[in-house]
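A.B. asks: Sharing upload_28.cif (mmCIF, N, CA, C and O atoms) below.
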data_target
#
loop_
_atom_site.label_atom_id
_atom_site.label_comp_id
_atom_site.auth_asym_id
_atom_site.auth_seq_id
_atom_site.Cartn_x
_atom_site.Cartn_y
_atom_site.Cartn_z
N MET A 6 10.38 -4.02 -2.28
CA MET A 6 10.60 -2.98 -1.31
C MET A 6 9.62 -3.16 -0.15
O MET A 6 8.47 -3.47 -0.35
N LYS A 7 10.10 -2.97 1.06
CA LYS A 7 9.27 -3.12 2.24
C LYS A 7 8.77 -1.77 2.71
O LYS A 7 9.44 -0.75 2.54
N LEU A 8 7.59 -1.76 3.31
CA LEU A 8 7.03 -0.51 3.81
C LEU A 8 7.96 0.13 4.83
O LEU A 8 8.07 1.35 4.90
N SER A 9 8.69 -0.67 5.58
CA SER A 9 9.61 -0.13 6.59
C SER A 9 10.76 0.65 5.97
O SER A 9 11.44 1.42 6.65
N GLU A 10 10.97 0.49 4.67
CA GLU A 10 12.04 1.21 3.98
C GLU A 10 11.61 2.62 3.60
O GLU A 10 12.44 3.45 3.23
N PHE A 11 10.31 2.91 3.66
CA PHE A 11 9.81 4.25 3.34
C PHE A 11 9.84 5.12 4.58
O PHE A 11 9.68 4.64 5.70
N GLU A 12 10.01 6.40 4.38
CA GLU A 12 9.99 7.34 5.49
C GLU A 12 8.55 7.75 5.77
O GLU A 12 7.83 8.18 4.87
N ALA A 13 8.13 7.59 7.00
CA ALA A 13 6.77 7.98 7.39
C ALA A 13 6.68 9.50 7.44
O ALA A 13 7.66 10.19 7.71
N VAL A 14 5.48 10.04 7.18
CA VAL A 14 5.28 11.48 7.26
C VAL A 14 4.71 11.89 8.61
O VAL A 14 4.61 13.06 8.91
N GLY A 15 4.34 10.93 9.41
CA GLY A 15 3.80 11.25 10.73
C GLY A 15 3.53 9.99 11.53
O GLY A 15 3.65 8.88 11.03
N GLU A 16 3.15 10.21 12.77
CA GLU A 16 2.83 9.11 13.66
C GLU A 16 1.54 9.47 14.39
O GLU A 16 1.33 10.61 14.79
N VAL A 17 0.69 8.49 14.58
CA VAL A 17 -0.59 8.71 15.26
C VAL A 17 -0.35 8.83 16.76
O VAL A 17 0.31 8.00 17.36
N VAL A 18 -0.91 9.89 17.33
CA VAL A 18 -0.90 10.07 18.77
C VAL A 18 -2.33 10.44 19.16
O VAL A 18 -2.80 11.52 18.85
N LEU A 19 -3.01 9.50 19.78
CA LEU A 19 -4.39 9.75 20.18
C LEU A 19 -4.41 10.52 21.49
O LEU A 19 -3.77 10.13 22.47
N VAL A 20 -5.15 11.63 21.50
CA VAL A 20 -5.23 12.49 22.67
C VAL A 20 -6.26 11.91 23.64
O VAL A 20 -7.34 11.50 23.24
N LYS A 21 -5.91 11.87 24.89
CA LYS A 21 -6.78 11.26 25.90
C LYS A 21 -7.66 12.28 26.61
O LYS A 21 -8.31 11.96 27.58
N GLU A 22 -7.68 13.52 26.17
CA GLU A 22 -8.46 14.55 26.84
C GLU A 22 -9.93 14.42 26.46
O GLU A 22 -10.26 14.07 25.33
N PRO A 23 -10.85 14.75 27.41
CA PRO A 23 -12.29 14.62 27.14
C PRO A 23 -12.76 15.42 25.92
O PRO A 23 -13.65 14.98 25.20
N ALA A 24 -12.16 16.56 25.66
CA ALA A 24 -12.60 17.39 24.54
C ALA A 24 -12.42 16.67 23.21
O ALA A 24 -13.12 16.93 22.24
N TRP A 25 -11.47 15.76 23.14
CA TRP A 25 -11.19 15.05 21.91
C TRP A 25 -11.88 13.70 21.83
O TRP A 25 -11.79 13.01 20.83
N SER A 26 -12.58 13.29 22.87
CA SER A 26 -13.16 11.95 22.90
C SER A 26 -14.19 11.75 21.79
O SER A 26 -14.26 10.68 21.19
N THR A 27 -14.99 12.79 21.49
CA THR A 27 -15.99 12.67 20.42
C THR A 27 -15.31 12.56 19.07
O THR A 27 -15.69 11.74 18.24
N VAL A 28 -14.28 13.38 18.84
CA VAL A 28 -13.54 13.33 17.58
C VAL A 28 -12.90 11.96 17.42
O VAL A 28 -12.98 11.34 16.36
N GLN A 29 -12.29 11.46 18.49
CA GLN A 29 -11.64 10.15 18.43
C GLN A 29 -12.66 9.05 18.19
O GLN A 29 -12.43 8.15 17.41
N ALA A 30 -13.83 9.12 18.82
CA ALA A 30 -14.87 8.12 18.62
C ALA A 30 -15.33 8.13 17.17
O ALA A 30 -15.53 7.06 16.57
N ASN A 31 -15.50 9.32 16.58
CA ASN A 31 -15.90 9.41 15.18
C ASN A 31 -14.80 8.88 14.26
O ASN A 31 -15.08 8.20 13.28
N LEU A 32 -13.56 9.18 14.57
CA LEU A 32 -12.43 8.69 13.78
C LEU A 32 -12.39 7.16 13.81
O LEU A 32 -12.16 6.51 12.80
N ASN A 33 -12.64 6.58 14.97
CA ASN A 33 -12.60 5.13 15.11
C ASN A 33 -13.66 4.43 14.28
O ASN A 33 -13.53 3.25 13.97
N GLN A 34 -14.73 5.12 13.91
CA GLN A 34 -15.76 4.54 13.05
C GLN A 34 -15.24 4.33 11.62
O GLN A 34 -15.74 3.48 10.91
N PHE A 35 -14.27 5.12 11.20
CA PHE A 35 -13.80 5.10 9.82
C PHE A 35 -12.46 4.42 9.61
O PHE A 35 -12.08 4.09 8.50
N CYS A 36 -11.70 4.25 10.67
CA CYS A 36 -10.39 3.62 10.53
C CYS A 36 -9.99 3.00 11.86
O CYS A 36 -10.61 3.24 12.88
N ASP A 37 -8.95 2.23 11.82
CA ASP A 37 -8.51 1.54 13.03
C ASP A 37 -7.11 2.00 13.44
O ASP A 37 -6.27 1.20 13.83
N LEU A 38 -6.86 3.30 13.38
CA LEU A 38 -5.56 3.84 13.77
C LEU A 38 -5.36 3.69 15.27
O LEU A 38 -6.27 3.88 16.07
N LYS A 39 -4.15 3.35 15.63
CA LYS A 39 -3.78 3.18 17.03
C LYS A 39 -2.56 4.06 17.31
O LYS A 39 -1.84 4.46 16.41
N ASP A 40 -2.33 4.35 18.59
CA ASP A 40 -1.13 5.10 18.98
C ASP A 40 0.10 4.43 18.38
O ASP A 40 0.25 3.21 18.44
N GLY A 41 0.97 5.22 17.80
CA GLY A 41 2.22 4.71 17.26
C GLY A 41 2.15 4.27 15.81
O GLY A 41 3.18 4.00 15.20
N ASP A 42 0.93 4.16 15.23
CA ASP A 42 0.84 3.82 13.81
C ASP A 42 1.51 4.90 12.99
O ASP A 42 1.44 6.09 13.32
N LEU A 43 2.19 4.49 11.92
CA LEU A 43 2.87 5.45 11.05
C LEU A 43 1.97 5.84 9.89
O LEU A 43 1.17 5.04 9.42
N LEU A 44 2.10 7.07 9.45
CA LEU A 44 1.30 7.60 8.34
C LEU A 44 2.20 7.82 7.14
O LEU A 44 3.33 8.29 7.28
N TYR A 45 1.69 7.50 5.96
CA TYR A 45 2.44 7.64 4.72
C TYR A 45 1.63 8.45 3.72
O TYR A 45 0.41 8.46 3.77
N THR A 46 2.32 9.10 2.80
CA THR A 46 1.62 9.84 1.76
C THR A 46 0.99 8.86 0.77
O THR A 46 1.36 7.68 0.70
N LYS A 47 0.06 9.35 -0.01
CA LYS A 47 -0.59 8.54 -1.04
C LYS A 47 0.46 8.03 -2.04
O LYS A 47 0.41 6.88 -2.47
N LYS A 48 1.42 8.88 -2.38
CA LYS A 48 2.46 8.50 -3.34
C LYS A 48 3.29 7.33 -2.80
O LYS A 48 3.58 6.38 -3.53
N VAL A 49 3.68 7.39 -1.55
CA VAL A 49 4.48 6.33 -0.94
C VAL A 49 3.68 5.02 -0.92
O VAL A 49 4.19 3.96 -1.27
N ALA A 50 2.42 5.10 -0.54
CA ALA A 50 1.58 3.91 -0.49
C ALA A 50 1.41 3.31 -1.88
O ALA A 50 1.44 2.09 -2.05
N GLN A 51 1.25 4.16 -2.89
CA GLN A 51 1.10 3.66 -4.26
C GLN A 51 2.38 3.01 -4.75
O GLN A 51 2.34 1.96 -5.40
N GLU A 52 3.53 3.60 -4.46
CA GLU A 52 4.80 2.99 -4.86
C GLU A 52 5.01 1.64 -4.18
O GLU A 52 5.51 0.70 -4.79
N TYR A 53 4.60 1.55 -2.92
CA TYR A 53 4.69 0.29 -2.19
C TYR A 53 3.80 -0.77 -2.85
O TYR A 53 4.23 -1.90 -3.08
N ALA A 54 2.57 -0.39 -3.17
CA ALA A 54 1.64 -1.33 -3.83
C ALA A 54 2.18 -1.74 -5.20
O ALA A 54 2.14 -2.92 -5.56
N LYS A 55 2.68 -0.78 -5.95
CA LYS A 55 3.21 -1.05 -7.28
C LYS A 55 4.38 -2.05 -7.22
O LYS A 55 4.41 -3.02 -7.97
N ALA A 56 5.30 -1.82 -6.31
CA ALA A 56 6.47 -2.70 -6.18
C ALA A 56 6.02 -4.12 -5.82
O ALA A 56 6.54 -5.10 -6.35
N ASN A 57 5.05 -4.22 -4.92
CA ASN A 57 4.59 -5.54 -4.50
C ASN A 57 3.78 -6.23 -5.59
O ASN A 57 3.85 -7.46 -5.71
N CYS A 58 3.04 -5.49 -6.39
CA CYS A 58 2.32 -6.09 -7.52
C CYS A 58 3.31 -6.65 -8.54
O CYS A 58 3.14 -7.76 -9.04
N TRP A 59 4.35 -5.89 -8.84
CA TRP A 59 5.36 -6.39 -9.79
C TRP A 59 6.05 -7.63 -9.24
O TRP A 59 6.31 -8.59 -9.98
N GLU A 60 6.33 -7.61 -7.95
CA GLU A 60 6.96 -8.78 -7.33
C GLU A 60 6.06 -10.01 -7.47
O GLU A 60 6.52 -11.10 -7.78
N LEU A 61 4.77 -9.82 -7.24
CA LEU A 61 3.82 -10.92 -7.36
C LEU A 61 3.71 -11.42 -8.80
O LEU A 61 3.70 -12.63 -9.05
N ILE A 62 3.65 -10.50 -9.75
CA ILE A 62 3.58 -10.90 -11.17
C ILE A 62 4.83 -11.68 -11.56
O ILE A 62 4.74 -12.73 -12.21
N ASN A 63 5.99 -11.20 -11.18
CA ASN A 63 7.23 -11.90 -11.50
C ASN A 63 7.27 -13.28 -10.86
O ASN A 63 7.69 -14.25 -11.49
N TRP A 64 6.83 -13.38 -9.62
CA TRP A 64 6.76 -14.69 -8.96
C TRP A 64 5.82 -15.62 -9.71
O TRP A 64 6.13 -16.78 -9.92
N TYR A 65 4.67 -15.09 -10.11
CA TYR A 65 3.67 -15.89 -10.83
C TYR A 65 4.26 -16.44 -12.12
O TYR A 65 4.11 -17.62 -12.43
N VAL A 66 4.92 -15.59 -12.88
CA VAL A 66 5.52 -16.02 -14.15
C VAL A 66 6.56 -17.11 -13.90
O VAL A 66 6.58 -18.12 -14.60
N GLU A 67 7.41 -16.90 -12.91
CA GLU A 67 8.46 -17.88 -12.62
C GLU A 67 7.89 -19.20 -12.09
O GLU A 67 8.40 -20.27 -12.40
N THR A 68 6.82 -19.13 -11.32
CA THR A 68 6.25 -20.31 -10.69
C THR A 68 5.30 -21.07 -11.60
O THR A 68 5.41 -22.28 -11.76
N ILE A 69 4.38 -20.35 -12.22
CA ILE A 69 3.33 -20.97 -13.03
C ILE A 69 3.73 -21.08 -14.49
O ILE A 69 3.40 -22.04 -15.17
N GLY A 70 4.43 -20.07 -14.96
CA GLY A 70 4.88 -20.07 -16.35
C GLY A 70 3.79 -19.72 -17.35
O GLY A 70 3.95 -19.94 -18.54
N ASP A 71 2.67 -19.17 -16.87
CA ASP A 71 1.57 -18.78 -17.75
C ASP A 71 1.87 -17.40 -18.33
O ASP A 71 1.47 -16.37 -17.79
N VAL A 72 2.57 -17.36 -19.43
CA VAL A 72 3.04 -16.11 -20.03
C VAL A 72 1.86 -15.25 -20.51
O VAL A 72 1.89 -14.03 -20.37
N ASN A 73 0.81 -15.88 -21.05
CA ASN A 73 -0.34 -15.10 -21.54
C ASN A 73 -1.04 -14.38 -20.39
O ASN A 73 -1.37 -13.20 -20.51
N HIS A 74 -1.28 -15.07 -19.31
CA HIS A 74 -1.92 -14.44 -18.16
C HIS A 74 -1.01 -13.37 -17.57
O HIS A 74 -1.47 -12.30 -17.16
N ALA A 75 0.27 -13.63 -17.53
CA ALA A 75 1.23 -12.65 -17.02
C ALA A 75 1.21 -11.39 -17.88
O ALA A 75 1.29 -10.28 -17.37
N ALA A 76 1.09 -11.56 -19.19
CA ALA A 76 1.02 -10.39 -20.08
C ALA A 76 -0.22 -9.55 -19.78
O ALA A 76 -0.15 -8.33 -19.78
N GLU A 77 -1.33 -10.21 -19.49
CA GLU A 77 -2.56 -9.49 -19.12
C GLU A 77 -2.35 -8.72 -17.82
O GLU A 77 -2.80 -7.58 -17.69
N MET A 78 -1.68 -9.35 -16.86
CA MET A 78 -1.42 -8.67 -15.58
C MET A 78 -0.50 -7.46 -15.78
O MET A 78 -0.68 -6.42 -15.16
N LYS A 79 0.48 -7.59 -16.66
CA LYS A 79 1.39 -6.48 -16.92
C LYS A 79 0.67 -5.33 -17.62
O LYS A 79 0.93 -4.16 -17.34
N ILE A 80 -0.28 -5.65 -18.49
CA ILE A 80 -1.10 -4.60 -19.12
C ILE A 80 -1.92 -3.87 -18.06
O ILE A 80 -2.01 -2.65 -18.05
N TRP A 81 -2.49 -4.65 -17.14
CA TRP A 81 -3.25 -4.04 -16.04
C TRP A 81 -2.35 -3.11 -15.22
O TRP A 81 -2.75 -2.01 -14.86
N MET A 82 -1.13 -3.55 -14.94
CA MET A 82 -0.19 -2.73 -14.17
C MET A 82 0.11 -1.43 -14.89
O MET A 82 0.13 -0.37 -14.28
N ASP A 83 0.32 -1.51 -16.18
CA ASP A 83 0.59 -0.30 -16.95
C ASP A 83 -0.60 0.65 -16.90
O ASP A 83 -0.44 1.86 -16.75
N ASP A 84 -1.80 0.09 -17.01
CA ASP A 84 -3.01 0.91 -16.94
C ASP A 84 -3.20 1.52 -15.55
O ASP A 84 -3.56 2.68 -15.40
N GLU A 85 -2.95 0.70 -14.54
CA GLU A 85 -3.19 1.12 -13.16
C GLU A 85 -2.14 2.09 -12.65
O GLU A 85 -2.45 3.10 -12.02
N PHE A 86 -0.86 1.81 -12.92
CA PHE A 86 0.22 2.60 -12.35
C PHE A 86 0.98 3.42 -13.37
O PHE A 86 1.80 4.26 -13.00
N GLY A 87 0.79 3.14 -14.65
CA GLY A 87 1.53 3.85 -15.68
C GLY A 87 2.96 3.34 -15.80
O GLY A 87 3.52 2.82 -14.85
N GLY A 88 3.51 3.42 -16.98
CA GLY A 88 4.88 2.98 -17.18
C GLY A 88 5.01 1.48 -17.18
O GLY A 88 4.04 0.76 -17.03
N HIS A 89 6.22 1.00 -17.35
CA HIS A 89 6.46 -0.43 -17.37
C HIS A 89 7.76 -0.73 -16.66
O HIS A 89 8.73 -0.03 -16.80
N GLU A 90 7.74 -1.76 -15.86
CA GLU A 90 8.94 -2.22 -15.16
C GLU A 90 9.17 -3.66 -15.50
O GLU A 90 8.32 -4.32 -16.06
N LYS A 91 10.31 -4.15 -15.11
CA LYS A 91 10.77 -5.52 -15.27
C LYS A 91 9.74 -6.46 -15.83
O LYS A 91 8.72 -6.80 -15.35
#
What is this file in structure tokens?
C.D. replies:
Amino acid sequence: MKLSEFEAVGEVVLVKEPAWSTVQANLNQFCDLKDGDLLYTKKVAQEYAKANCWELINWYVETIGDVNHAAEMKIWMDDEFGGHEK
């Protein structure tokens, strides 16, 4: 699943007014948000990460064929995200 397939919950719009310049400067110290960046909920971001981790594990198994290491990765996925997929 691609991030573009998720619905964003908001869009960043940086205010250019002087009153907000200090807030924006402080925000820029902690993140690199730019005008037009999309915002997603924690749940959406986690589902995106989970889907991509499974995709990587499946690719690894098909490419390398290391079933033991793949089993360890799948255990980690279950611990990290809960449940089991493909």
A.B. asks: Grab the atom CA of A:Val66 to atom C of A:Lys79 distance for me, in Å with one decimal place.
C.D. replies: 12.2 Å
A.B. asks: One decimal, Å: what's the distance from atom CA of A:Val14 over to atom CA of A:Leu44, could you say?
C.D. replies: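 Atom CA of A:Leu44 lies at a distance of 5.7 Å from atom CA of A:Val14.
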A.B. asks: With distances taken over only C-alpha atoms, which residue among A:Asp84, A:Glu16, A:Asn57, A:Ser9 lies nearest A:Leu38?
C.D. replies: A:Glu16
